[in-house]
>>> print(open('work.csv').read())   # CSV, C-alpha atoms
chain,number,residue,atom,x,y,z
S,9,MET,CA,-8.4,102.9,40.6
S,10,ALA,CA,-9.6,100.0,42.7
S,11,PHE,CA,-11.5,98.3,40.0
S,12,THR,CA,-13.5,95.2,41.0
S,13,LEU,CA,-14.8,92.5,38.8
S,14,TYR,CA,-18.3,93.7,39.6
S,15,ALA,CA,-17.4,97.1,38.2
S,16,LEU,CA,-16.2,95.4,35.0
S,17,ILE,CA,-19.4,93.5,34.6
S,18,GLN,CA,-21.4,96.7,35.2
S,19,THR,CA,-19.3,98.5,32.6
S,20,ALA,CA,-19.7,95.7,30.1
S,21,ILE,CA,-23.5,95.7,30.5
S,22,LEU,CA,-23.7,99.4,30.2
S,23,PHE,CA,-21.6,99.5,27.1
S,24,THR,CA,-23.5,96.7,25.4
S,25,ASN,CA,-26.8,98.5,26.2
S,26,ALA,CA,-25.4,101.6,24.7
S,27,ILE,CA,-24.5,99.9,21.5
S,28,ALA,CA,-27.9,98.1,21.4
S,29,VAL,CA,-29.9,101.3,21.6
S,30,LEU,CA,-28.4,102.9,18.5
S,31,HIS,CA,-31.3,102.8,16.2
S,32,GLU,CA,-30.7,101.9,12.6
S,33,GLU,CA,-33.0,104.2,10.8
S,34,ARG,CA,-33.4,107.1,13.1
S,35,PHE,CA,-29.9,107.7,14.0
S,36,LEU,CA,-27.2,105.7,12.2
S,37,SER,CA,-28.3,106.4,8.7
S,38,LYS,CA,-28.6,110.1,9.5
S,39,ILE,CA,-24.9,110.3,10.4
S,40,GLY,CA,-23.8,108.1,7.7
S,41,TRP,CA,-23.2,105.0,9.7
S,42,GLY,CA,-26.0,102.9,8.3
S,43,ALA,CA,-25.6,99.3,7.5
S,44,GLU,CA,-25.6,99.7,3.8
S,45,GLN,CA,-22.9,102.3,3.8
S,46,GLY,CA,-20.4,100.0,5.4
S,47,VAL,CA,-20.4,97.3,2.8
S,48,GLY,CA,-18.6,99.5,0.3
S,49,GLY,CA,-15.5,97.8,-1.0
S,50,PHE,CA,-15.3,94.1,-1.4
S,51,GLY,CA,-11.6,94.0,-1.5
S,52,ASP,CA,-9.5,92.2,1.0
S,53,ASP,CA,-9.4,95.4,3.1
S,54,PRO,CA,-12.8,96.5,4.4
S,55,GLY,CA,-11.4,99.4,6.2
S,56,ILE,CA,-11.9,100.5,9.8
S,57,LYS,CA,-15.2,102.3,9.3
S,58,ALA,CA,-16.8,99.2,7.6
S,59,GLN,CA,-15.5,97.0,10.3
S,60,LEU,CA,-16.9,99.2,13.0
S,61,LEU,CA,-20.3,99.4,11.4
S,62,ASN,CA,-20.3,95.7,11.0
S,63,LEU,CA,-19.4,95.3,14.6
S,64,ILE,CA,-22.2,97.6,15.8
S,65,ARG,CA,-24.7,95.8,13.6
S,66,SER,CA,-23.7,92.4,14.7
S,67,VAL,CA,-23.7,93.3,18.4
S,68,ARG,CA,-27.2,94.7,18.0
S,69,THR,CA,-28.4,91.5,16.3
S,70,VAL,CA,-26.7,89.0,18.6
S,71,MET,CA,-27.1,90.7,21.9
S,72,ARG,CA,-30.7,91.8,21.7
S,73,VAL,CA,-32.3,88.8,23.4
S,74,PRO,CA,-29.6,88.1,26.0
S,75,LEU,CA,-29.6,91.8,26.9
S,76,ILE,CA,-33.3,91.6,27.7
S,77,ALA,CA,-32.6,88.8,30.1
S,78,VAL,CA,-29.6,90.3,31.7
S,79,ASN,CA,-31.3,93.7,32.1
S,80,SER,CA,-34.3,92.1,33.7
S,81,VAL,CA,-32.0,90.2,36.2
S,82,CYS,CA,-30.2,93.5,36.9
S,83,ILE,CA,-33.4,95.3,37.5
S,84,VAL,CA,-34.7,92.7,39.9
S,85,LEU,CA,-31.4,92.5,41.8
S,86,LEU,CA,-31.1,96.3,42.1
S,87,LEU,CA,-34.7,96.6,43.3
S,88,LEU,CA,-34.1,93.9,45.9
S,89,PHE,CA,-30.6,94.9,47.1
S,90,GLY,CA,-30.2,98.5,46.2
Q,25,MET,CA,-9.3,49.4,44.8
Q,26,MET,CA,-5.9,47.9,44.0
Q,27,GLU,CA,-4.3,49.7,46.9
Q,28,TYR,CA,-6.0,47.7,49.5
Q,29,PRO,CA,-4.4,44.3,48.8
Q,30,ASN,CA,-1.0,46.0,49.0
Q,31,GLN,CA,-1.9,47.4,52.3
Q,32,SER,CA,-3.2,44.2,53.6
Q,33,GLY,CA,-0.2,42.5,52.2
Q,34,PHE,CA,2.1,45.0,53.9
Q,35,ARG,CA,0.3,44.4,57.2
Q,36,GLN,CA,0.6,40.7,56.6
Q,37,ARG,CA,4.3,40.9,56.5
Q,38,LYS,CA,4.4,41.8,60.1
Q,39,LEU,CA,2.6,38.8,61.2
Q,40,LEU,CA,3.9,35.3,61.6
Q,41,PRO,CA,3.3,33.3,58.5
Q,42,GLN,CA,1.6,30.5,60.4
Q,43,VAL,CA,-1.3,32.6,61.5
Q,44,ARG,CA,-4.3,31.5,59.5
Q,45,MET,CA,-6.3,34.4,58.1
Q,46,ARG,CA,-10.1,34.3,58.2
Q,47,GLY,CA,-11.6,33.6,54.9
Q,48,SER,CA,-8.3,32.9,53.3
Q,49,ALA,CA,-7.5,29.8,51.5
Q,50,MET,CA,-3.9,30.5,51.0
Q,51,GLU,CA,-1.0,30.1,53.4
Q,52,PRO,CA,2.7,30.2,52.6
Q,53,SER,CA,3.5,27.1,50.8
Q,54,ASP,CA,7.0,27.1,51.9
Q,55,PRO,CA,7.6,27.3,55.7
Q,56,THR,CA,11.0,28.9,55.2
Q,57,GLN,CA,9.4,31.7,53.2
Q,58,LEU,CA,9.0,34.6,55.5
Q,59,PHE,CA,6.8,36.8,53.4
Q,60,ASP,CA,3.7,35.9,51.6
Q,61,ASP,CA,3.8,36.2,47.9
Q,62,THR,CA,1.3,38.9,47.1
Q,63,SER,CA,2.6,39.5,43.6
Q,64,SER,CA,0.2,37.2,41.8
Q,65,GLY,CA,-2.8,39.0,43.2
Q,66,VAL,CA,-4.5,35.8,44.2
Q,67,ASN,CA,-5.2,37.0,47.7
Q,68,LYS,CA,-7.1,40.0,46.5
Q,69,HIS,CA,-9.8,40.0,49.1
Q,70,GLU,CA,-7.7,38.9,52.0
Q,71,PRO,CA,-8.3,41.0,55.0
Q,72,GLY,CA,-5.3,42.1,56.9
Q,73,ARG,CA,-5.5,42.1,60.7
Q,74,VAL,CA,-3.6,44.0,63.2
Q,75,GLY,CA,-4.1,41.8,66.2
Q,76,LYS,CA,-4.2,38.0,66.6
Q,77,SER,CA,-7.8,37.7,67.7
Q,78,PRO,CA,-10.2,37.2,64.9
Q,79,ASP,CA,-12.7,39.9,65.6
Q,80,VAL,CA,-10.6,42.8,67.0
Q,81,PHE,CA,-10.4,44.8,63.8
Q,82,SER,CA,-13.3,44.0,61.7
Q,83,GLY,CA,-13.3,47.2,59.8
Q,84,GLN,CA,-11.2,45.8,57.0
Q,85,ASN,CA,-13.4,42.8,56.6
Q,86,LEU,CA,-15.7,45.2,54.9
Q,87,LEU,CA,-13.5,44.9,51.9
Q,88,SER,CA,-14.0,41.2,51.6
Q,89,ASP,CA,-17.7,41.6,51.5
Q,90,PRO,CA,-18.9,41.2,47.9
Q,91,MET,CA,-21.7,43.7,48.4
Q,92,SER,CA,-19.4,46.4,49.5
Q,93,ASN,CA,-17.0,45.5,46.6
Q,94,LEU,CA,-19.9,46.0,44.3
Q,95,ALA,CA,-20.8,49.3,45.9
Q,96,MET,CA,-17.2,50.5,45.7
Q,97,ALA,CA,-16.9,49.5,42.1
Q,98,TYR,CA,-20.2,51.3,41.3
Q,99,GLY,CA,-19.1,54.4,43.2
Q,100,SER,CA,-15.8,54.6,41.5
Q,101,SER,CA,-17.3,54.1,38.1
Q,102,LEU,CA,-19.8,56.9,38.9
Q,103,ALA,CA,-17.0,59.1,40.0
Q,104,SER,CA,-15.0,58.6,36.8
Q,105,HIS,CA,-18.1,59.1,34.7
Q,106,GLY,CA,-18.9,62.4,36.5
Q,107,LYS,CA,-15.3,63.5,36.1
Q,108,GLU,CA,-15.3,62.7,32.4
Q,109,MET,CA,-18.5,64.6,31.9
Q,110,MET,CA,-17.2,67.6,33.8
Q,111,ASP,CA,-13.9,67.5,31.8
Q,112,LYS,CA,-15.8,67.4,28.5
Q,113,ASN,CA,-18.0,70.4,29.5
Q,114,LEU,CA,-15.2,72.4,30.9
Q,115,ASP,CA,-13.2,71.8,27.8
Q,116,ARG,CA,-15.8,73.7,25.8
Q,117,PHE,CA,-15.3,76.9,27.7
Q,118,ILE,CA,-11.7,76.8,28.7
Q,119,PRO,CA,-9.5,74.9,26.2
Q,120,ILE,CA,-7.6,72.9,28.7
Q,121,SER,CA,-5.5,71.0,26.2
Q,122,LYS,CA,-4.4,74.2,24.6
Q,123,LEU,CA,-3.6,75.6,28.0
Q,124,LYS,CA,-1.2,72.7,28.7
Q,125,TYR,CA,1.0,73.9,25.8
Q,126,TYR,CA,1.5,77.2,27.5
Q,127,PHE,CA,2.7,75.6,30.7
Q,128,ALA,CA,5.2,73.3,29.1
Q,129,VAL,CA,8.2,75.1,30.4
Q,130,ASP,CA,11.4,74.3,32.2
Q,131,THR,CA,13.8,76.2,34.3
Q,132,VAL,CA,16.2,76.9,31.4
Q,133,TYR,CA,13.4,78.5,29.4
Q,134,VAL,CA,12.2,80.6,32.3
Q,135,GLY,CA,15.7,81.8,33.0
Q,136,LYS,CA,16.3,82.7,29.4
Q,137,LYS,CA,13.0,84.4,29.0
Q,138,LEU,CA,13.4,86.5,32.1
Q,139,GLY,CA,16.8,87.5,30.9
Q,140,LEU,CA,15.2,88.4,27.6
Q,141,LEU,CA,12.6,90.5,29.4
Q,142,VAL,CA,15.3,92.4,31.2
Q,143,PHE,CA,17.6,92.9,28.3
Q,144,PRO,CA,16.0,92.4,24.9
Q,145,TYR,CA,18.4,94.4,22.9
Q,146,MET,CA,21.0,91.8,21.9
Q,147,HIS,CA,18.6,89.1,20.7
Q,148,ASP,CA,18.2,89.0,17.0
Q,149,ASN,CA,16.0,86.1,16.0
Q,150,TRP,CA,12.5,86.7,17.3
Q,151,GLU,CA,10.7,84.2,15.2
Q,152,VAL,CA,8.7,81.4,16.7
Q,153,ASN,CA,9.8,78.0,15.4
Q,154,TYR,CA,7.1,75.8,14.0
Q,155,GLN,CA,6.9,72.1,13.7
Q,156,GLN,CA,4.5,71.2,10.9
Q,157,ASP,CA,2.1,73.9,11.5
Q,158,THR,CA,2.0,73.7,15.2
Q,159,PRO,CA,4.2,76.0,17.3
Q,160,VAL,CA,6.9,74.3,19.2
Q,161,ALA,CA,6.4,74.0,22.9
Q,162,PRO,CA,8.0,76.8,25.0
Q,163,ARG,CA,10.5,74.4,26.4
Q,164,PHE,CA,12.3,74.3,23.0
Q,165,ASP,CA,11.8,77.8,21.7
Q,166,ILE,CA,12.6,80.9,23.7
Q,167,ASN,CA,10.4,83.1,21.5
Q,168,ALA,CA,7.2,81.1,22.1
Q,169,PRO,CA,4.8,82.7,24.6
Q,170,ASP,CA,4.0,80.9,27.8
Q,171,LEU,CA,1.6,81.4,30.6
Q,172,TYR,CA,3.9,80.3,33.4
Q,173,ILE,CA,5.7,83.6,33.8
Q,174,PRO,CA,2.6,85.8,33.6
Q,175,VAL,CA,0.7,83.7,36.2
Q,176,MET,CA,3.6,83.6,38.6
Q,177,GLY,CA,4.3,87.3,38.0
Q,178,PHE,CA,0.7,88.2,38.7
Q,179,ILE,CA,0.7,86.3,42.0
Q,180,THR,CA,4.1,87.7,43.0
Q,181,TYR,CA,2.8,91.2,42.1
Q,182,VAL,CA,-0.1,90.8,44.4
Q,183,LEU,CA,2.1,89.5,47.2
Q,184,VAL,CA,4.7,92.3,46.7
Q,185,ALA,CA,1.9,94.9,46.6
Q,186,GLY,CA,0.7,93.6,50.0
Q,187,LEU,CA,4.3,93.8,51.3
Q,188,ALA,CA,4.7,97.3,50.0
Q,189,LEU,CA,1.4,98.4,51.6
Q,190,GLY,CA,2.4,96.7,54.8
Q,191,THR,CA,5.5,98.7,55.1
Q,192,GLN,CA,3.4,101.8,55.0
Q,193,ASN,CA,0.9,100.5,57.5
Q,194,ARG,CA,-1.8,100.5,55.0
Q,195,PHE,CA,-2.3,96.8,54.9
Q,196,SER,CA,-5.4,94.8,55.6
Q,197,PRO,CA,-6.2,91.3,54.3
Q,198,GLU,CA,-8.9,92.7,52.0
Q,199,ILE,CA,-6.3,94.8,50.3
Q,200,LEU,CA,-4.8,91.7,48.7
Q,201,GLY,CA,-8.1,90.7,47.2
Q,202,ILE,CA,-8.7,94.3,46.0
Q,203,GLN,CA,-5.2,94.5,44.4
Q,204,ALA,CA,-5.6,91.1,42.7
Q,205,SER,CA,-9.0,91.9,41.2
Q,206,SER,CA,-8.0,95.3,40.2
Q,207,ALA,CA,-5.0,94.1,38.3
Q,208,LEU,CA,-7.0,91.3,36.8
Q,209,VAL,CA,-9.6,93.8,35.6
Q,210,TRP,CA,-7.0,96.0,34.0
Q,211,LEU,CA,-5.6,92.9,32.3
Q,212,ILE,CA,-9.0,92.0,30.9
Q,213,ILE,CA,-9.6,95.5,29.7
Q,214,GLU,CA,-6.2,95.6,28.0
Q,215,VAL,CA,-6.7,92.2,26.3
Q,216,LEU,CA,-10.2,93.3,25.1
Q,217,ALA,CA,-8.9,96.6,23.8
Q,218,VAL,CA,-6.1,94.8,21.9
Q,219,LEU,CA,-8.6,92.2,20.5
Q,220,LEU,CA,-10.9,95.0,19.4
Q,221,SER,CA,-8.2,97.0,17.7
Q,222,LEU,CA,-6.9,93.8,16.0
Q,223,TYR,CA,-10.4,93.1,14.7
Q,224,LEU,CA,-10.9,96.7,13.4
Q,225,VAL,CA,-7.6,96.7,11.5
Q,226,THR,CA,-8.5,93.3,10.0
Q,227,VAL,CA,-5.2,91.7,10.8
Q,228,ASN,CA,-4.8,88.1,9.7
Q,229,THR,CA,-2.8,86.9,12.5
Q,230,ASP,CA,-2.5,83.7,14.4
Q,231,LEU,CA,-2.4,85.4,17.7
Q,232,THR,CA,-4.9,83.8,20.0
Q,233,THR,CA,-6.5,85.3,23.0
Q,234,ILE,CA,-4.3,83.3,25.3
Q,235,ASP,CA,-1.2,84.6,23.4
Q,236,LEU,CA,-2.4,88.1,24.1
Q,237,VAL,CA,-2.9,87.3,27.8
Q,238,ALA,CA,0.6,85.9,27.9
Q,239,PHE,CA,2.1,89.0,26.2
Q,240,SER,CA,0.2,91.3,28.5
Q,241,GLY,CA,1.4,89.4,31.5
Q,242,TYR,CA,5.0,89.8,30.9
Q,243,LYS,CA,5.0,93.3,32.2
Q,244,TYR,CA,4.3,92.1,35.8
Q,245,VAL,CA,8.0,91.1,35.9
Q,246,GLY,CA,9.0,94.7,35.5
Q,247,MET,CA,6.4,95.9,37.9
Q,248,ILE,CA,7.6,93.5,40.6
Q,249,VAL,CA,11.3,94.6,40.2
Q,250,GLY,CA,10.2,98.2,40.2
Q,251,VAL,CA,8.2,97.9,43.4
Q,252,VAL,CA,11.0,95.9,45.1
Q,253,ALA,CA,13.5,98.5,44.1
Q,254,GLY,CA,11.2,101.2,45.5
Q,255,LEU,CA,11.0,99.3,48.8
Q,256,LEU,CA,14.8,99.0,49.0
Q,257,PHE,CA,16.0,102.3,47.6
Q,258,GLY,CA,13.1,104.7,47.9
Q,259,ARG,CA,11.5,106.6,45.1
Q,260,THR,CA,14.6,107.1,43.0
Q,261,GLY,CA,15.2,103.4,42.9
Q,262,TYR,CA,11.6,102.8,41.9
Q,263,TYR,CA,11.8,105.4,39.1
Q,264,LEU,CA,15.1,104.1,37.8
Q,265,ALA,CA,14.0,100.4,37.8
Q,266,LEU,CA,10.7,101.4,36.2
Q,267,LEU,CA,12.4,103.4,33.5
Q,268,TRP,CA,14.6,100.5,32.6
Q,269,PHE,CA,11.8,98.0,32.5
Q,270,CYS,CA,9.5,100.3,30.6
Q,271,ALA,CA,12.1,100.7,27.9
Q,272,SER,CA,12.8,96.9,27.8
Q,273,ILE,CA,9.2,95.9,27.7
Q,274,PHE,CA,8.6,98.4,25.0
Q,275,VAL,CA,11.3,97.0,22.8
Q,276,PHE,CA,10.3,93.4,23.7
Q,277,THR,CA,6.7,93.9,22.8
Q,278,ILE,CA,7.5,95.7,19.5
Q,279,ARG,CA,9.9,93.1,18.4
Q,280,THR,CA,7.6,90.2,19.3
Q,281,LEU,CA,4.4,91.6,17.9
Q,282,ARG,CA,6.0,93.0,14.8
Q,283,LEU,CA,6.5,89.5,13.4
Q,284,LYS,CA,2.9,88.5,14.2
Q,285,ILE,CA,1.0,91.6,13.1
Q,286,LEU,CA,2.9,93.0,10.2
Q,287,SER,CA,3.1,91.4,6.9
Q,288,GLU,CA,6.1,89.4,6.0
Q,289,ALA,CA,8.0,92.0,4.1
Q,290,ALA,CA,7.5,94.8,6.5
Q,291,ALA,CA,8.5,92.6,9.4
Q,292,GLU,CA,11.9,91.9,7.8
Q,293,GLY,CA,12.6,95.6,7.9
Q,294,ARG,CA,12.1,96.5,4.3
Q,295,LEU,CA,10.1,99.6,3.8
Q,296,VAL,CA,6.8,98.7,2.4
Q,297,ARG,CA,4.5,101.5,1.4
Q,298,GLY,CA,0.9,101.4,1.9
Q,299,THR,CA,-1.6,102.6,4.5
Q,300,LYS,CA,-2.3,99.1,5.7
Q,301,ASN,CA,1.2,98.4,6.9
Q,302,GLN,CA,1.5,101.8,8.4
Q,303,LEU,CA,-1.7,101.3,10.3
Q,304,ARG,CA,-0.4,98.0,11.6
Q,305,MET,CA,2.8,99.5,12.6
Q,306,TYR,CA,0.9,102.2,14.5
Q,307,LEU,CA,-1.1,99.5,16.2
Q,308,THR,CA,2.0,97.6,17.3
Q,309,MET,CA,3.5,100.8,18.7
Q,310,ALA,CA,0.3,101.7,20.5
Q,311,ILE,CA,0.1,98.2,22.1
Q,312,ALA,CA,3.8,98.5,23.1
Q,313,ALA,CA,3.3,102.0,24.4
Q,314,ALA,CA,0.3,101.0,26.6
Q,315,GLN,CA,2.5,98.6,28.5
Q,316,PRO,CA,4.7,101.2,30.3
Q,317,VAL,CA,1.5,103.2,31.0
Q,318,PHE,CA,0.0,100.2,32.7
Q,319,MET,CA,3.1,99.4,34.5
Q,320,TYR,CA,3.2,102.9,36.0
Q,321,TRP,CA,-0.5,103.0,36.7
Q,322,LEU,CA,-0.5,99.8,38.6
Q,323,THR,CA,2.5,100.5,40.8
Q,324,PHE,CA,2.8,104.1,41.6
Q,325,HIS,CA,0.3,104.0,44.4
Q,326,LEU,CA,2.4,101.3,46.1
Q,327,VAL,CA,5.6,103.3,46.5
Q,328,ARG,CA,5.7,106.3,48.7
>>> encode(input="work.csv", output="structure tokens")
Amino acid sequence: MAFTLYALIQTAILFTNAIAVLHEERFLSKIGWGAEQGVGGFGDDPGIKAQLLNLIRSVRTVMRVPLIAVNSVCIVLLLLFG
Amino acid sequence: MMEYPNQSGFRQRKLLPQVRMRGSAMEPSDPTQLFDDTSSGVNKHEPGRVGKSPDVFSGQNLLSDPMSNLAMAYGSSLASHGKEMMDKNLDRFIPISKLKYYFAVDTVYVGKKLGLLVFPYMHDNWEVNYQQDTPVAPRFDINAPDLYIPVMGFITYVLVAGLALGTQNRFSPEILGIQASSALVWLIIEVLAVLLSLYLVTVNTDLTTIDLVAFSGYKYVGMIVGVVAGLLFGRTGYYLALLWFCASIFVFTIRTLRLKILSEAAAEGRLVRGTKNQLRMYLTMAIAAAQPVFMYWLTFHLVR
């Protein structure tokens, strides 16, 4: 109940890490969530599934490098301060 | 820098006009004139003196020194340059000029908006007036979102929470900070969830993030009244007040968001078939239903 801002930051980092580790070939294509399966209809309404897949793919592309930095900082801080 | 001549001019008025100032070439031209004429700004560097002896108060002579004038001018230009740079950089992250729009309120607007939050059932026109593509400032349009009420409501909620905990002997100064950050975190989570769901449903809306923060902040009003009623009248008072405000914030949120999220035709009440509109209606109702849940979640631990 007593959420702190630190807990929010931790949650955000964990969620982003979770989205970033979803592998394209090994996992997402197997369950039908691959990148090419999302770009189905080119109407004005991509649909929820297409938007979700798009979001996952873009999060993975954009956040890959910053996550490396943030995770390294987190590792160092946790090692130092427990 | 322009204030100092006024000060020295003010001090000067207390002295006799015949006293000759050091370094000053001017004296009152007219002996019957009691006050020196400082309006023309001629005596800009004139040092004012408290006493009559020439070297009692030499502190203000610093201003007449050209080197220190230069230093002050340089310092003030440096300060203004730094301030300008900081403003420019801050504006990239937090759009300050856009924030000013949300605080352009006056008392009449706040009163009417609070009345609308308490009793939204009689109001019929919920559209935001536009003025050549820009929304009108909240001062002139009661339907426009503002940030004043949410911010004030948030702060009052934290204070009332501290008060409520204090009456139960559960208070300590850290509790205020914990309550504030907890409520802030829930607000951030709610705004992020709404943004995510708006993205997923591909709604073409002009709702900005700040608008969503404003709409999510309106429930603090109901929470405050609920907690105060709980303090005054016990649990029954709390439940009654909360019930009333849950219903009113539900109706308020639905009626406000309906115009922004749904398409034109559906918003006017005509039945428009199609899964897209249905989905949007579900989304609006879900956002509105989340408000009472948050209201209860954030206050039930305060009322015993």
>>> closest_atom_pairs(input="work.csv", of="chain Q", to="chain S", cutoff="9 Å", atoms="all atoms listed in the file", output="tab-separated table")
residue	atom	partner	partner_atom	distance
Q:Ile202	CA	S:Ala10	CA	6.6
Q:Gln203	CA	S:Ala10	CA	7.2
Q:Ser205	CA	S:Thr12	CA	5.6
Q:Ser206	CA	S:Phe11	CA	4.6
Q:Ala207	CA	S:Phe11	CA	7.9
Q:Leu208	CA	S:Leu13	CA	8.1
Q:Val209	CA	S:Leu13	CA	6.2
Q:Trp210	CA	S:Phe11	CA	7.8
Q:Ile212	CA	S:Leu16	CA	9.0
Q:Ile213	CA	S:Leu16	CA	8.5
Q:Tyr223	CA	S:Gln59	CA	7.8
Q:Leu224	CA	S:Ile56	CA	5.3
Q:Val225	CA	S:Ile56	CA	6.0
Q:Thr226	CA	S:Asp53	CA	7.3
Q:Lys300	CA	S:Asp53	CA	8.4
Q:Trp321	CA	S:Met9	CA	8.8
Q:Leu322	CA	S:Met9	CA	8.7
>>> atom_distance(input="work.csv", atom1="CA of Leu267 (chain Q)", atom2="CA of Tyr244 (chain Q)")
14.1 Å
>>> residues_around(input="work.csv", residues="region 82-86 of chain S", least_positions_apart="5", cutoff="10 Å", atoms="all atoms listed in the file", output="ChimeraX atom specification")
/S:18,21,76-77
>>> write_last_selection(input="work.csv", atoms="C-alpha atoms", output="compact mmCIF listing (two decimals), in the coordinates of the input")
# COMPACT_ATOMS: atom_id res chain seq x y z
CA GLN S 18 -21.40 96.70 35.20
CA ILE S 21 -23.50 95.70 30.50
CA ILE S 76 -33.30 91.60 27.70
CA ALA S 77 -32.60 88.80 30.10
>>> atom_distance(input="work.csv", atom1="CA of Met71 (chain S)", atom2="CA of Gly90 (chain S)")
25.7 Å
>>> atom_distance(input="work.csv", atom1="CA of Asp130 (chain Q)", atom2="CA of Pro162 (chain Q)")
8.3 Å
>>> residues_around(input="work.csv", residues="Arg72 (chain S)", least_positions_apart="3", cutoff="12 Å", atoms="all atoms listed in the file", output="JSON, numbers by chain")
{"S": [24, 25, 26, 27, 28, 29, 30, 64, 65, 66, 67, 68, 69, 75, 76, 77, 78, 79]}
>>> build_atoms(input="work.csv", residues="region 243-249 of chain Q", atoms="all heavy atoms", output="PDB file, keeping the file's coordinate frame")
ATOM      1  N   LYS Q 243       4.566  92.112  31.591  1.00  0.00           N
ATOM      2  CA  LYS Q 243       5.000  93.300  32.200  1.00  0.00           C
ATOM      3  C   LYS Q 243       4.970  93.230  33.757  1.00  0.00           C
ATOM      4  O   LYS Q 243       5.513  94.095  34.447  1.00  0.00           O
ATOM      5  CB  LYS Q 243       4.108  94.500  31.796  1.00  0.00           C
ATOM      6  CG  LYS Q 243       2.658  94.342  32.106  1.00  0.00           C
ATOM      7  CD  LYS Q 243       1.991  95.622  31.678  1.00  0.00           C
ATOM      8  CE  LYS Q 243       0.506  95.557  31.852  1.00  0.00           C
ATOM      9  NZ  LYS Q 243      -0.156  94.594  30.986  1.00  0.00           N
ATOM     10  N   TYR Q 244       4.357  92.190  34.298  1.00  0.00           N
ATOM     11  CA  TYR Q 244       4.300  92.100  35.800  1.00  0.00           C
ATOM     12  C   TYR Q 244       5.748  91.865  36.299  1.00  0.00           C
ATOM     13  O   TYR Q 244       6.033  92.235  37.430  1.00  0.00           O
ATOM     14  CB  TYR Q 244       3.475  90.862  36.168  1.00  0.00           C
ATOM     15  CG  TYR Q 244       2.016  91.136  35.982  1.00  0.00           C
ATOM     16  CD1 TYR Q 244       1.238  90.367  35.132  1.00  0.00           C
ATOM     17  CD2 TYR Q 244       1.406  92.170  36.656  1.00  0.00           C
ATOM     18  CE1 TYR Q 244      -0.092  90.628  34.952  1.00  0.00           C
ATOM     19  CE2 TYR Q 244       0.080  92.428  36.487  1.00  0.00           C
ATOM     20  CZ  TYR Q 244      -0.671  91.653  35.631  1.00  0.00           C
ATOM     21  OH  TYR Q 244      -1.988  91.927  35.456  1.00  0.00           O
ATOM     22  N   VAL Q 245       6.635  91.295  35.482  1.00  0.00           N
ATOM     23  CA  VAL Q 245       8.000  91.100  35.900  1.00  0.00           C
ATOM     24  C   VAL Q 245       8.647  92.452  36.233  1.00  0.00           C
ATOM     25  O   VAL Q 245       9.228  92.675  37.301  1.00  0.00           O
ATOM     26  CB  VAL Q 245       8.816  90.340  34.867  1.00  0.00           C
ATOM     27  CG1 VAL Q 245      10.248  90.199  35.275  1.00  0.00           C
ATOM     28  CG2 VAL Q 245       8.203  88.992  34.610  1.00  0.00           C
ATOM     29  N   GLY Q 246       8.486  93.379  35.281  1.00  0.00           N
ATOM     30  CA  GLY Q 246       9.000  94.700  35.500  1.00  0.00           C
ATOM     31  C   GLY Q 246       8.418  95.419  36.660  1.00  0.00           C
ATOM     32  O   GLY Q 246       9.094  96.116  37.420  1.00  0.00           O
ATOM     33  N   MET Q 247       7.112  95.218  36.820  1.00  0.00           N
ATOM     34  CA  MET Q 247       6.400  95.900  37.900  1.00  0.00           C
ATOM     35  C   MET Q 247       6.951  95.403  39.261  1.00  0.00           C
ATOM     36  O   MET Q 247       7.151  96.189  40.198  1.00  0.00           O
ATOM     37  CB  MET Q 247       4.920  95.678  37.837  1.00  0.00           C
ATOM     38  CG  MET Q 247       4.323  96.384  36.666  1.00  0.00           C
ATOM     39  SD  MET Q 247       2.541  96.539  36.685  1.00  0.00           S
ATOM     40  CE  MET Q 247       2.011  94.939  36.985  1.00  0.00           C
ATOM     41  N   ILE Q 248       7.161  94.089  39.359  1.00  0.00           N
ATOM     42  CA  ILE Q 248       7.600  93.500  40.600  1.00  0.00           C
ATOM     43  C   ILE Q 248       9.005  94.088  40.962  1.00  0.00           C
ATOM     44  O   ILE Q 248       9.254  94.541  42.084  1.00  0.00           O
ATOM     45  CB  ILE Q 248       7.719  91.998  40.536  1.00  0.00           C
ATOM     46  CG1 ILE Q 248       6.338  91.419  40.362  1.00  0.00           C
ATOM     47  CG2 ILE Q 248       8.368  91.426  41.748  1.00  0.00           C
ATOM     48  CD1 ILE Q 248       6.407  89.981  39.959  1.00  0.00           C
ATOM     49  N   VAL Q 249       9.913  94.091  39.965  1.00  0.00           N
ATOM     50  CA  VAL Q 249      11.300  94.600  40.200  1.00  0.00           C
ATOM     51  C   VAL Q 249      11.215  96.056  40.586  1.00  0.00           C
ATOM     52  O   VAL Q 249      11.939  96.513  41.474  1.00  0.00           O
ATOM     53  CB  VAL Q 249      12.176  94.333  39.020  1.00  0.00           C
ATOM     54  CG1 VAL Q 249      13.560  94.876  39.269  1.00  0.00           C
ATOM     55  CG2 VAL Q 249      12.260  92.864  38.712  1.00  0.00           C
TER      56      VAL Q 249
END
